[in-house]
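One file, start12.pdb, is given below (PDB, C-alpha atoms).
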```pdb
ATOM      1  CA  MET A  24      17.950 -10.322 -11.665
ATOM      2  CA  ALA A  25      21.156  -8.837 -12.949
ATOM      3  CA  ARG A  26      22.498 -11.656 -15.097
ATOM      4  CA  ASP A  27      26.106 -12.243 -15.828
ATOM      5  CA  SER A  28      26.578 -15.050 -18.295
ATOM      6  CA  THR A  29      28.925 -13.090 -20.578
ATOM      7  CA  PRO A  30      32.052 -11.113 -19.702
ATOM      8  CA  PRO A  31      30.914  -7.483 -19.309
ATOM      9  CA  HIS A  32      33.500  -5.906 -21.596
ATOM     10  CA  LYS A  33      33.046  -8.222 -24.554
ATOM     11  CA  ASN A  34      29.410  -7.753 -25.434
ATOM     12  CA  ARG A  35      28.619  -4.519 -27.265
ATOM     13  CA  ARG A  36      24.999  -5.652 -27.660
ATOM     14  CA  ASN A  37      24.487  -5.877 -23.918
ATOM     15  CA  ALA A  38      21.740  -3.375 -23.037
ATOM     16  CA  CYS A  39      21.421  -4.299 -19.345
ATOM     17  CA  PHE A  40      20.385  -1.273 -17.262
ATOM     18  CA  GLY A  41      23.246  -1.941 -14.858
ATOM     19  CA  CYS A  42      26.210  -2.769 -17.082
ATOM     20  CA  GLY A  43      25.172  -2.601 -20.743
ATOM     21  CA  GLU A  44      27.384  -0.605 -23.086
ATOM     22  CA  ALA A  45      24.434  -0.564 -25.486
ATOM     23  CA  ASN A  46      22.114   1.148 -22.979
ATOM     24  CA  PRO A  47      22.736   4.922 -22.970
ATOM     25  CA  ASP A  48      20.060   5.343 -20.279
ATOM     26  CA  GLY A  49      21.667   2.802 -17.949
ATOM     27  CA  LEU A  50      24.383   2.997 -15.313
ATOM     28  CA  GLN A  51      27.074   1.491 -17.605
ATOM     29  CA  LEU A  52      28.961   0.081 -14.646
ATOM     30  CA  ARG A  53      32.369  -1.486 -15.311
ATOM     31  CA  PHE A  54      33.725  -3.894 -12.746
ATOM     32  CA  ARG A  55      37.248  -5.304 -12.708
ATOM     33  CA  ARG A  56      38.459  -8.220 -10.697
ATOM     34  CA  LEU A  57      40.851  -7.379  -7.869
ATOM     35  CA  GLY A  58      43.915  -9.532  -8.623
ATOM     36  CA  ASP A  59      43.256 -13.260  -8.461
ATOM     37  CA  GLU A  60      42.227 -13.274  -4.833
ATOM     38  CA  THR A  61      40.202 -16.122  -3.394
ATOM     39  CA  PRO A  62      37.369 -15.595  -2.683
ATOM     40  CA  PRO A  63      37.079 -13.325  -5.738
ATOM     41  CA  ARG A  64      36.270  -9.607  -5.447
ATOM     42  CA  VAL A  65      35.270  -7.084  -8.115
ATOM     43  CA  LEU A  66      35.419  -3.290  -7.951
ATOM     44  CA  ALA A  67      33.935  -0.382  -9.903
ATOM     45  CA  LYS A  68      35.046   3.211  -9.382
ATOM     46  CA  CYS A  69      32.540   5.698 -10.753
ATOM     47  CA  ARG A  70      30.353   8.767 -10.290
ATOM     48  CA  ILE A  71      26.635   8.145 -10.636
ATOM     49  CA  PRO A  72      24.876  10.935 -12.565
ATOM     50  CA  ARG A  73      22.517  13.343 -10.834
ATOM     51  CA  ARG A  74      19.420  12.036 -12.658
ATOM     52  CA  PHE A  75      19.465   8.944 -10.420
ATOM     53  CA  HIS A  76      18.758  10.871  -7.214
ATOM     54  CA  GLY A  77      16.039  10.348  -4.599
ATOM     55  CA  ALA A  78      16.387  13.244  -2.157
ATOM     56  CA  PRO A  79      18.358  16.021  -3.915
ATOM     57  CA  GLY A  80      22.080  15.238  -4.103
ATOM     58  CA  MET A  81      21.639  11.672  -2.841
ATOM     59  CA  LEU A  82      21.244   8.502  -4.873
ATOM     60  CA  HIS A  83      17.795   6.907  -4.832
ATOM     61  CA  GLY A  84      17.715   3.931  -2.464
ATOM     62  CA  GLY A  85      16.671   1.721  -5.374
ATOM     63  CA  ILE A  86      19.718   2.791  -7.373
ATOM     64  CA  VAL A  87      21.911   2.036  -4.355
ATOM     65  CA  ALA A  88      20.321  -1.447  -4.400
ATOM     66  CA  THR A  89      21.009  -1.677  -8.151
ATOM     67  CA  LEU A  90      24.722  -0.915  -7.694
ATOM     68  CA  LEU A  91      24.993  -3.563  -5.002
ATOM     69  CA  ASP A  92      22.988  -6.191  -6.935
ATOM     70  CA  GLU A  93      25.160  -5.584  -9.981
ATOM     71  CA  ALA A  94      28.436  -5.824  -8.034
ATOM     72  CA  MET A  95      27.393  -9.092  -6.421
ATOM     73  CA  ALA A  96      26.133 -10.533  -9.726
ATOM     74  CA  LYS A  97      29.432  -9.681 -11.418
ATOM     75  CA  VAL A  98      31.357 -11.796  -8.916
ATOM     76  CA  ASN A  99      29.473 -14.899 -10.041
ATOM     77  CA  ALA A 100      31.357 -15.073 -13.349
ATOM     78  CA  HIS A 101      34.578 -15.472 -11.344
ATOM     79  CA  VAL A 102      33.030 -18.294  -9.340
ATOM     80  CA  GLY A 103      32.221 -20.017 -12.636
ATOM     81  CA  VAL A 104      28.429 -19.969 -12.359
ATOM     82  CA  THR A 105      25.506 -18.228 -14.037
ATOM     83  CA  ALA A 106      22.975 -17.204 -11.423
ATOM     84  CA  VAL A 107      20.055 -14.860 -10.819
ATOM     85  CA  THR A 108      19.247 -12.841  -7.716
ATOM     86  CA  GLN A 109      16.906 -14.660  -5.357
ATOM     87  CA  SER A 110      17.070 -12.245  -2.438
ATOM     88  CA  LEU A 111      18.794  -8.970  -1.691
ATOM     89  CA  GLN A 112      19.217  -7.279   1.671
ATOM     90  CA  VAL A 113      20.495  -3.699   1.659
ATOM     91  CA  THR A 114      21.533  -1.640   4.686
ATOM     92  CA  TYR A 115      21.721   2.117   4.145
ATOM     93  CA  ARG A 116      24.340   3.537   6.479
ATOM     94  CA  ARG A 117      24.898   7.024   5.064
ATOM     95  CA  PRO A 118      23.536   8.883   2.009
ATOM     96  CA  VAL A 119      25.357   7.981  -1.234
ATOM     97  CA  PRO A 120      26.123  11.227  -3.074
ATOM     98  CA  THR A 121      25.398  11.726  -6.777
ATOM     99  CA  SER A 122      28.127  13.070  -9.108
ATOM    100  CA  ARG A 123      30.945  12.275  -6.687
ATOM    101  CA  PRO A 124      33.478   9.422  -6.770
ATOM    102  CA  VAL A 125      32.349   6.224  -5.098
ATOM    103  CA  GLU A 126      33.668   2.662  -5.036
ATOM    104  CA  ILE A 127      31.373  -0.328  -5.432
ATOM    105  CA  GLU A 128      32.672  -3.735  -4.419
ATOM    106  CA  GLY A 129      31.261  -7.241  -4.805
ATOM    107  CA  ARG A 130      32.790 -10.118  -2.848
ATOM    108  CA  HIS A 131      32.044 -13.811  -3.087
ATOM    109  CA  VAL A 132      31.200 -15.451   0.231
ATOM    110  CA  ARG A 133      30.213 -19.082  -0.396
ATOM    111  CA  VAL A 134      28.332 -21.602  -2.534
ATOM    112  CA  ARG A 135      25.877 -23.855  -0.756
ATOM    113  CA  GLY A 136      23.786 -26.282  -2.808
ATOM    114  CA  ARG A 137      22.005 -24.364  -5.609
ATOM    115  CA  TYR A 138      22.783 -21.006  -4.012
ATOM    116  CA  VAL A 139      25.627 -18.497  -4.192
ATOM    117  CA  TYR A 140      25.998 -16.010  -1.322
ATOM    118  CA  ASN A 141      27.790 -12.744  -2.002
ATOM    119  CA  HIS A 142      28.432  -9.450  -0.239
ATOM    120  CA  GLY A 143      28.361  -5.902  -1.592
ATOM    121  CA  GLU A 144      29.624  -2.550  -0.355
ATOM    122  CA  ILE A 145      29.545   1.083  -1.511
ATOM    123  CA  ARG A 146      32.115   3.434  -0.001
ATOM    124  CA  LEU A 147      33.798   6.767  -0.490
ATOM    125  CA  PRO A 148      37.409   6.717  -1.802
ATOM    126  CA  ASN A 149      38.554   7.413   1.777
ATOM    127  CA  GLY A 150      37.041   4.085   2.848
ATOM    128  CA  LYS A 151      33.914   5.418   4.612
ATOM    129  CA  VAL A 152      31.196   2.793   4.110
ATOM    130  CA  LEU A 153      27.884   4.159   2.813
ATOM    131  CA  ALA A 154      25.823   1.020   2.128
ATOM    132  CA  THR A 155      26.220  -2.746   2.359
ATOM    133  CA  ALA A 156      24.291  -5.726   1.009
ATOM    134  CA  LYS A 157      23.943  -9.456   1.202
ATOM    135  CA  GLY A 158      22.718 -11.335  -1.844
ATOM    136  CA  ARG A 159      21.515 -14.875  -2.422
ATOM    137  CA  PHE A 160      21.661 -16.060  -6.049
ATOM    138  CA  VAL A 161      20.150 -19.197  -7.589
ATOM    139  CA  ILE A 162      22.540 -21.071  -9.863
ATOM    140  CA  LEU A 163      20.953 -21.746 -13.264
ATOM    141  CA  PRO A 164      21.365 -25.260 -14.687
ATOM    142  CA  ARG A 165      23.579 -25.448 -17.798
ATOM    143  CA  GLU A 166      20.594 -26.236 -20.070
ATOM    144  CA  ALA A 167      18.755 -23.095 -18.928
ATOM    145  CA  VAL A 168      21.824 -20.974 -19.698
ATOM    146  CA  GLN A 169      22.167 -22.500 -23.172
ATOM    147  CA  LYS A 170      18.501 -21.756 -23.849
ATOM    148  CA  ILE A 171      18.902 -18.100 -22.812
ATOM    149  CA  LEU A 172      22.024 -17.716 -24.950
ATOM    150  CA  ARG A 173      20.285 -19.242 -28.004
ATOM    151  CA  ALA A 174      17.292 -16.906 -27.503
ATOM    152  CA  ASN A 175      19.674 -13.910 -27.579
ATOM    153  CA  ASP A 176      21.547 -14.977 -30.731
TER     154      ASP A 176
ATOM    155  CA  MET B  14      16.532   6.774   0.323
ATOM    156  CA  ALA B  15      13.349   7.544  -1.560
ATOM    157  CA  ARG B  16      12.033  10.538   0.310
ATOM    158  CA  ASP B  17       8.422  11.469   0.538
ATOM    159  CA  SER B  18       7.939  14.764   2.316
ATOM    160  CA  THR B  19       5.629  16.253  -0.338
ATOM    161  CA  PRO B  20       2.536  14.785  -1.995
ATOM    162  CA  PRO B  21       3.714  13.136  -5.231
ATOM    163  CA  HIS B  22       1.278  14.858  -7.579
ATOM    164  CA  LYS B  23       1.790  18.409  -6.373
ATOM    165  CA  ASN B  24       5.458  19.037  -7.032
ATOM    166  CA  ARG B  25       6.330  19.676 -10.665
ATOM    167  CA  ARG B  26       9.937  20.379  -9.659
ATOM    168  CA  ASN B  27      10.349  16.918  -8.160
ATOM    169  CA  ALA B  28      13.116  15.192 -10.137
ATOM    170  CA  CYS B  29      13.332  12.030  -8.012
ATOM    171  CA  PHE B  30      14.375   9.018 -10.137
ATOM    172  CA  GLY B  31      11.446   7.031  -8.766
ATOM    173  CA  CYS B  32       8.514   9.474  -8.817
ATOM    174  CA  GLY B  33       9.664  12.827 -10.197
ATOM    175  CA  GLU B  34       7.540  14.417 -12.914
ATOM    176  CA  ALA B  35      10.550  16.609 -13.693
ATOM    177  CA  ASN B  36      12.841  13.631 -14.392
ATOM    178  CA  PRO B  37      12.281  12.355 -17.944
ATOM    179  CA  ASP B  38      14.895   9.630 -17.368
ATOM    180  CA  GLY B  39      13.184   8.333 -14.257
ATOM    181  CA  LEU B  40      10.410   5.837 -13.609
ATOM    182  CA  GLN B  41       7.738   8.556 -13.017
ATOM    183  CA  LEU B  42       5.752   6.276 -10.745
ATOM    184  CA  ARG B  43       2.337   7.479  -9.600
ATOM    185  CA  PHE B  44       0.868   5.904  -6.490
ATOM    186  CA  ARG B  45      -2.673   6.411  -5.242
ATOM    187  CA  ARG B  46      -3.997   5.539  -1.843
ATOM    188  CA  LEU B  47      -6.439   2.633  -1.740
ATOM    189  CA  GLY B  48      -9.528   4.124  -0.058
ATOM    190  CA  ASP B  49      -8.961   5.229   3.526
ATOM    191  CA  GLU B  50      -8.023   1.804   4.801
ATOM    192  CA  THR B  51      -6.081   1.370   8.015
ATOM    193  CA  PRO B  52      -3.265   0.468   7.821
ATOM    194  CA  PRO B  53      -2.846   2.567   4.655
ATOM    195  CA  ARG B  54      -1.980   1.019   1.284
ATOM    196  CA  VAL B  55      -0.862   2.656  -1.973
ATOM    197  CA  LEU B  56      -0.936   1.230  -5.488
ATOM    198  CA  ALA B  57       0.654   2.048  -8.854
ATOM    199  CA  LYS B  58      -0.418   0.380 -12.082
ATOM    200  CA  CYS B  59       2.175   0.780 -14.824
ATOM    201  CA  ARG B  60       4.403  -0.738 -17.492
ATOM    202  CA  ILE B  61       8.126  -0.267 -16.934
ATOM    203  CA  PRO B  62       9.984   0.570 -20.156
ATOM    204  CA  ARG B  63      12.333  -1.923 -21.759
ATOM    205  CA  ARG B  64      15.465   0.175 -21.078
ATOM    206  CA  PHE B  65      15.299  -0.880 -17.411
ATOM    207  CA  HIS B  66      15.953  -4.562 -18.121
ATOM    208  CA  GLY B  67      18.596  -6.894 -16.674
ATOM    209  CA  ALA B  68      18.235 -10.171 -18.587
ATOM    210  CA  PRO B  69      16.357  -9.413 -21.841
ATOM    211  CA  GLY B  70      12.629  -8.907 -21.271
ATOM    212  CA  MET B  71      12.966  -8.892 -17.489
ATOM    213  CA  LEU B  72      13.370  -5.919 -15.164
ATOM    214  CA  HIS B  73      16.778  -5.470 -13.572
ATOM    215  CA  GLY B  74      16.749  -6.719  -9.977
ATOM    216  CA  GLY B  75      17.819  -3.246  -8.843
ATOM    217  CA  ILE B  76      14.845  -1.659 -10.605
ATOM    218  CA  VAL B  77      12.564  -4.209  -8.927
ATOM    219  CA  ALA B  78      14.087  -3.018  -5.636
ATOM    220  CA  THR B  79      13.489   0.602  -6.694
ATOM    221  CA  LEU B  80       9.781  -0.011  -7.357
ATOM    222  CA  LEU B  81       9.397  -1.648  -3.957
ATOM    223  CA  ASP B  82      11.410   1.020  -2.094
ATOM    224  CA  GLU B  83       9.335   3.722  -3.750
ATOM    225  CA  ALA B  84       5.995   2.026  -2.939
ATOM    226  CA  MET B  85       6.943   1.588   0.701
ATOM    227  CA  ALA B  86       8.258   5.169   0.975
ATOM    228  CA  LYS B  87       5.014   6.530  -0.486
ATOM    229  CA  VAL B  88       2.987   4.924   2.298
ATOM    230  CA  ASN B  89       4.844   7.002   4.891
ATOM    231  CA  ALA B  90       3.035  10.211   3.904
ATOM    232  CA  HIS B  91      -0.245   8.526   4.849
ATOM    233  CA  VAL B  92       1.194   7.550   8.229
ATOM    234  CA  GLY B  93       2.062  11.221   8.748
ATOM    235  CA  VAL B  94       5.837  10.876   8.902
ATOM    236  CA  THR B  95       8.840  11.809   6.769
ATOM    237  CA  ALA B  96      11.318   8.954   6.771
ATOM    238  CA  VAL B  97      14.275   7.549   4.830
ATOM    239  CA  THR B  98      15.031   3.929   4.002
ATOM    240  CA  GLN B  99      17.278   2.285   6.581
ATOM    241  CA  SER B 100      17.088  -1.280   5.275
ATOM    242  CA  LEU B 101      15.400  -3.055   2.408
ATOM    243  CA  GLN B 102      14.932  -6.788   1.935
ATOM    244  CA  VAL B 103      13.708  -7.949  -1.474
ATOM    245  CA  THR B 104      12.637 -11.477  -2.413
ATOM    246  CA  TYR B 105      12.535 -12.229  -6.146
ATOM    247  CA  ARG B 106       9.881 -14.886  -6.758
ATOM    248  CA  ARG B 107       9.415 -14.712 -10.532
ATOM    249  CA  PRO B 108      10.906 -12.481 -13.257
ATOM    250  CA  VAL B 109       9.147  -9.094 -13.554
ATOM    251  CA  PRO B 110       8.487  -8.441 -17.257
ATOM    252  CA  THR B 111       9.318  -5.142 -18.963
ATOM    253  CA  SER B 112       6.689  -3.337 -21.081
ATOM    254  CA  ARG B 113       3.786  -5.306 -19.589
ATOM    255  CA  PRO B 114       1.200  -4.223 -17.001
ATOM    256  CA  VAL B 115       2.233  -4.726 -13.392
ATOM    257  CA  GLU B 116       0.846  -3.555 -10.064
ATOM    258  CA  ILE B 117       3.089  -2.219  -7.312
ATOM    259  CA  GLU B 118       1.713  -2.001  -3.812
ATOM    260  CA  GLY B 119       3.068  -0.490  -0.606
ATOM    261  CA  ARG B 120       1.420  -1.320   2.716
ATOM    262  CA  HIS B 121       2.100   0.137   6.136
ATOM    263  CA  VAL B 122       2.827  -2.445   8.820
ATOM    264  CA  ARG B 123       3.763  -0.628  12.048
ATOM    265  CA  VAL B 124       5.645   2.190  13.747
ATOM    266  CA  ARG B 125       8.016   1.232  16.533
ATOM    267  CA  GLY B 126      10.119   3.951  18.174
ATOM    268  CA  ARG B 127      12.012   5.883  15.472
ATOM    269  CA  TYR B 128      11.245   3.276  12.833
ATOM    270  CA  VAL B 129       8.456   2.642  10.345
ATOM    271  CA  TYR B 130       8.058  -0.883   8.974
ATOM    272  CA  ASN B 131       6.346  -1.323   5.603
ATOM    273  CA  HIS B 132       5.729  -4.083   3.099
ATOM    274  CA  GLY B 133       5.909  -4.000  -0.703
ATOM    275  CA  GLU B 134       4.661  -6.276  -3.481
ATOM    276  CA  ILE B 135       4.830  -6.422  -7.273
ATOM    277  CA  ARG B 136       2.270  -8.588  -9.055
ATOM    278  CA  LEU B 137       0.653  -9.206 -12.400
ATOM    279  CA  PRO B 138      -2.907  -7.887 -12.898
ATOM    280  CA  ASN B 139      -4.126 -11.487 -12.364
ATOM    281  CA  GLY B 140      -2.716 -11.394  -8.831
ATOM    282  CA  LYS B 141       0.380 -13.559  -9.413
ATOM    283  CA  VAL B 142       3.073 -12.262  -7.040
ATOM    284  CA  LEU B 143       6.454 -11.554  -8.666
ATOM    285  CA  ALA B 144       8.468  -9.895  -5.895
ATOM    286  CA  THR B 145       7.985  -8.836  -2.288
ATOM    287  CA  ALA B 146       9.884  -6.599   0.114
ATOM    288  CA  LYS B 147      10.161  -5.522   3.704
ATOM    289  CA  GLY B 148      11.455  -2.043   4.476
ATOM    290  CA  ARG B 149      12.584  -0.335   7.632
ATOM    291  CA  PHE B 150      12.523   3.485   7.529
ATOM    292  CA  VAL B 151      14.007   5.972  10.002
ATOM    293  CA  ILE B 152      11.637   8.802  10.925
ATOM    294  CA  LEU B 153      13.301  12.193  10.459
ATOM    295  CA  PRO B 154      12.879  14.734  13.272
ATOM    296  CA  ARG B 155      10.743  17.749  12.321
ATOM    297  CA  GLU B 156      13.773  20.113  12.361
ATOM    298  CA  ALA B 157      15.626  17.935   9.825
ATOM    299  CA  VAL B 158      12.608  17.988   7.501
ATOM    300  CA  GLN B 159      12.319  21.789   7.745
ATOM    301  CA  LYS B 160      16.015  22.100   6.900
ATOM    302  CA  ILE B 161      15.650  19.896   3.807
ATOM    303  CA  LEU B 162      12.583  21.836   2.651
ATOM    304  CA  ARG B 163      14.388  25.177   3.091
ATOM    305  CA  ALA B 164      17.386  23.860   1.123
ATOM    306  CA  ASN B 165      15.051  22.955  -1.759
ATOM    307  CA  ASP B 166      13.239  26.321  -1.892
TER     308      ASP B 166
END
```

In structure tokens, how does this file's structure come out?
Amino acid sequence: MARDSTPPHKNRRNACFGCGEANPDGLQLRFRRLGDETPPRVLAKCRIPRRFHGAPGMLHGGIVATLLDEAMAKVNAHVGVTAVTQSLQVTYRRPVPTSRPVEIEGRHVRVRGRYVYNHGEIRLPNGKVLATAKGRFVILPREAVQKILRAND
Amino acid sequence: MARDSTPPHKNRRNACFGCGEANPDGLQLRFRRLGDETPPRVLAKCRIPRRFHGAPGMLHGGIVATLLDEAMAKVNAHVGVTAVTQSLQVTYRRPVPTSRPVEIEGRHVRVRGRYVYNHGEIRLPNGKVLATAKGRFVILPREAVQKILRAND
């Protein structure tokens, strides 16, 4: 349910737990697009603070899912759609460490009917893959987006 | 990667993002077992604070995944195993509201070889289902659990 109808860097009032600058308790993730590749990809390089751990020293599995959901949602802006998560499938390959550099990538896969399919990956800077995800997002009709935007004005 | 090797109410030093009493920034979820049913089920009744939203007024999809991961991990103690999340599949049926009462349930499904399979559900108090999940957990060998416990002493 990470939503991405506005560019992440432009909205100082955005308090989204995943990417909101206005949420000091959130993850404050910043994704940038990788060139102008097709299909589009976005990347965030960050260290996730210790307070988000499950087992000591390792990110909580739900936070791992949050990073992947957010990365995949951020790609949607570059596909030109506003969409919400309909299903998320996470595979945990290795523990994701807290307080150490990690890379989070979202990659667009395809649009089919009302759905967008994306892929997500968390890895160490040396390329070792820690977790992967597949996401299916429902494209919101233009009128629904306008209604949401008006409600937030 | 929610881990559940100790009963949730007994460990004041537990700082897990999902269930740790010692983590003021976390969700501080409290699950109780429903009777002594077989297969075991656990339930948490709570309101999730507004700071965990994605779209305004709705929980972030990653936090929804966290609630479900945590519920399913908590069931494992009642199956008598210590296990970590290996895969998580979340289906988002309706938005989960922030700051309003919700129920989070984890239910054991089966053990097969090294794996535990559980089910999770988030619903409104009137029974309307908002999100569901399936989780596959890898059972940790006894020696690995002892090592983790020693490291935390």

Length of the atom CA of Arg127 of chain B to atom CA of Gly158 of chain A vector [Å]: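 One can read the atom CA of Arg127 of chain B to atom CA of Gly158 of chain A distance as 26.7 Å.
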
Rotate and translate chain A onto chain B via least squares on all in-order Cα pairs, then write the result as a short mmCIF file (atom, residue, chain, number, x, y, z; two decimals) with C-alpha atoms, keeping the file's coordinate frame.
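Full text of part32.cif as output:
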```
data_model
loop_
_atom_site.label_atom_id
_atom_site.label_comp_id
_atom_site.auth_asym_id
_atom_site.auth_seq_id
_atom_site.Cartn_x
_atom_site.Cartn_y
_atom_site.Cartn_z
CA MET A 24 16.48 6.77 0.33
CA ALA A 25 13.34 7.54 -1.59
CA ARG A 26 12.00 10.54 0.30
CA ASP A 27 8.40 11.49 0.52
CA SER A 28 7.94 14.77 2.31
CA THR A 29 5.69 16.30 -0.37
CA PRO A 30 2.58 14.86 -2.01
CA PRO A 31 3.77 13.24 -5.26
CA HIS A 32 1.28 14.91 -7.59
CA LYS A 33 1.76 18.46 -6.40
CA ASN A 34 5.43 19.07 -7.04
CA ARG A 35 6.33 19.68 -10.68
CA ARG A 36 9.94 20.37 -9.65
CA ASN A 37 10.35 16.92 -8.16
CA ALA A 38 13.12 15.19 -10.15
CA CYS A 39 13.32 12.03 -8.02
CA PHE A 40 14.36 9.02 -10.14
CA GLY A 41 11.43 7.04 -8.78
CA CYS A 42 8.50 9.47 -8.82
CA GLY A 43 9.64 12.83 -10.19
CA GLU A 44 7.53 14.40 -12.92
CA ALA A 45 10.54 16.60 -13.69
CA ASN A 46 12.82 13.62 -14.39
CA PRO A 47 12.27 12.34 -17.96
CA ASP A 48 14.88 9.62 -17.38
CA GLY A 49 13.17 8.32 -14.24
CA LEU A 50 10.39 5.82 -13.60
CA GLN A 51 7.73 8.53 -13.03
CA LEU A 52 5.75 6.26 -10.76
CA ARG A 53 2.33 7.48 -9.60
CA PHE A 54 0.86 5.90 -6.50
CA ARG A 55 -2.69 6.41 -5.25
CA ARG A 56 -4.00 5.52 -1.86
CA LEU A 57 -6.45 2.62 -1.76
CA GLY A 58 -9.54 4.11 -0.07
CA ASP A 59 -8.95 5.21 3.51
CA GLU A 60 -8.02 1.78 4.78
CA THR A 61 -6.08 1.36 7.99
CA PRO A 62 -3.26 0.46 7.81
CA PRO A 63 -2.85 2.56 4.65
CA ARG A 64 -1.98 1.01 1.27
CA VAL A 65 -0.86 2.65 -1.97
CA LEU A 66 -0.95 1.22 -5.49
CA ALA A 67 0.64 2.04 -8.85
CA LYS A 68 -0.41 0.36 -12.08
CA CYS A 69 2.17 0.76 -14.82
CA ARG A 70 4.40 -0.75 -17.49
CA ILE A 71 8.12 -0.28 -16.93
CA PRO A 72 9.98 0.56 -20.16
CA ARG A 73 12.33 -1.93 -21.78
CA ARG A 74 15.45 0.17 -21.08
CA PHE A 75 15.29 -0.89 -17.42
CA HIS A 76 15.95 -4.57 -18.13
CA GLY A 77 18.59 -6.90 -16.68
CA ALA A 78 18.23 -10.17 -18.59
CA PRO A 79 16.36 -9.42 -21.85
CA GLY A 80 12.63 -8.91 -21.28
CA MET A 81 12.97 -8.90 -17.48
CA LEU A 82 13.36 -5.92 -15.18
CA HIS A 83 16.78 -5.48 -13.57
CA GLY A 84 16.74 -6.71 -9.97
CA GLY A 85 17.82 -3.24 -8.85
CA ILE A 86 14.85 -1.67 -10.61
CA VAL A 87 12.56 -4.21 -8.93
CA ALA A 88 14.09 -3.02 -5.63
CA THR A 89 13.49 0.60 -6.70
CA LEU A 90 9.78 -0.02 -7.36
CA LEU A 91 9.39 -1.65 -3.97
CA ASP A 92 11.40 1.02 -2.09
CA GLU A 93 9.32 3.72 -3.75
CA ALA A 94 5.99 2.03 -2.95
CA MET A 95 6.93 1.59 0.69
CA ALA A 96 8.25 5.17 0.97
CA LYS A 97 5.01 6.53 -0.49
CA VAL A 98 2.98 4.93 2.29
CA ASN A 99 4.84 7.00 4.88
CA ALA A 100 3.04 10.21 3.88
CA HIS A 101 -0.24 8.51 4.85
CA VAL A 102 1.20 7.56 8.22
CA GLY A 103 2.06 11.23 8.75
CA VAL A 104 5.85 10.88 8.90
CA THR A 105 8.84 11.82 6.77
CA ALA A 106 11.32 8.97 6.75
CA VAL A 107 14.27 7.55 4.83
CA THR A 108 15.04 3.93 4.00
CA GLN A 109 17.28 2.29 6.57
CA SER A 110 17.09 -1.27 5.28
CA LEU A 111 15.40 -3.05 2.40
CA GLN A 112 14.93 -6.78 1.94
CA VAL A 113 13.72 -7.96 -1.47
CA THR A 114 12.64 -11.48 -2.41
CA TYR A 115 12.53 -12.24 -6.14
CA ARG A 116 9.88 -14.87 -6.75
CA ARG A 117 9.43 -14.71 -10.53
CA PRO A 118 10.90 -12.49 -13.27
CA VAL A 119 9.15 -9.10 -13.56
CA PRO A 120 8.49 -8.45 -17.26
CA THR A 121 9.32 -5.15 -18.96
CA SER A 122 6.68 -3.36 -21.08
CA ARG A 123 3.78 -5.32 -19.59
CA PRO A 124 1.20 -4.23 -17.00
CA VAL A 125 2.23 -4.74 -13.40
CA GLU A 126 0.84 -3.57 -10.06
CA ILE A 127 3.09 -2.23 -7.32
CA GLU A 128 1.70 -2.01 -3.81
CA GLY A 129 3.06 -0.48 -0.60
CA ARG A 130 1.42 -1.32 2.72
CA HIS A 131 2.11 0.14 6.14
CA VAL A 132 2.83 -2.44 8.82
CA ARG A 133 3.77 -0.64 12.05
CA VAL A 134 5.66 2.19 13.75
CA ARG A 135 8.02 1.23 16.54
CA GLY A 136 10.12 3.94 18.18
CA ARG A 137 12.01 5.90 15.48
CA TYR A 138 11.25 3.27 12.84
CA VAL A 139 8.46 2.65 10.34
CA TYR A 140 8.06 -0.89 8.96
CA ASN A 141 6.35 -1.32 5.61
CA HIS A 142 5.72 -4.08 3.09
CA GLY A 143 5.90 -4.01 -0.70
CA GLU A 144 4.66 -6.28 -3.47
CA ILE A 145 4.84 -6.43 -7.28
CA ARG A 146 2.28 -8.60 -9.05
CA LEU A 147 0.67 -9.23 -12.39
CA PRO A 148 -2.91 -7.92 -12.88
CA ASN A 149 -4.13 -11.50 -12.36
CA GLY A 150 -2.71 -11.41 -8.83
CA LYS A 151 0.40 -13.58 -9.40
CA VAL A 152 3.08 -12.26 -7.03
CA LEU A 153 6.45 -11.57 -8.67
CA ALA A 154 8.47 -9.90 -5.89
CA THR A 155 7.99 -8.83 -2.28
CA ALA A 156 9.90 -6.59 0.12
CA LYS A 157 10.17 -5.52 3.70
CA GLY A 158 11.44 -2.04 4.47
CA ARG A 159 12.59 -0.32 7.64
CA PHE A 160 12.52 3.50 7.53
CA VAL A 161 14.01 5.98 10.00
CA ILE A 162 11.65 8.80 10.93
CA LEU A 163 13.31 12.20 10.46
CA PRO A 164 12.87 14.73 13.27
CA ARG A 165 10.73 17.76 12.34
CA GLU A 166 13.76 20.11 12.39
CA ALA A 167 15.63 17.94 9.87
CA VAL A 168 12.62 18.01 7.54
CA GLN A 169 12.34 21.80 7.79
CA LYS A 170 16.03 22.12 6.96
CA ILE A 171 15.67 19.91 3.86
CA LEU A 172 12.61 21.85 2.69
CA ARG A 173 14.40 25.21 3.14
CA ALA A 174 17.43 23.89 1.19
CA ASN A 175 15.10 22.99 -1.72
CA ASP A 176 13.29 26.35 -1.83
#
```

Selection: 10 Å around segment 65-75 of chain A, all atoms listed in the file, excl. self and same-chain fewer than 6 positions, as a PyMOL selection string: (chain A and resi 49-58+81-87+90+94-99+101+119-131+143-148) or (chain B and resi 28-31+36-39)

Within 6 Å of chain B: residues of chain A, using all atoms listed in the file, as a count of residues only: 21

Point-to-point distance from atom CA of Arg64 of chain A to atom CA of Ile162 of chain A, Å rounded to tenths: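 If I compute the distance from atom CA of Arg64 of chain A to atom CA of Ile162 of chain A, I get 18.4 Å.
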
Atom pair atom CA of Gly126 of chain B / atom CA of Arg155 of chain B: separation (Å):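 Going from atom CA of Gly126 of chain B over to atom CA of Arg155 of chain B, I get 15.0 Å.
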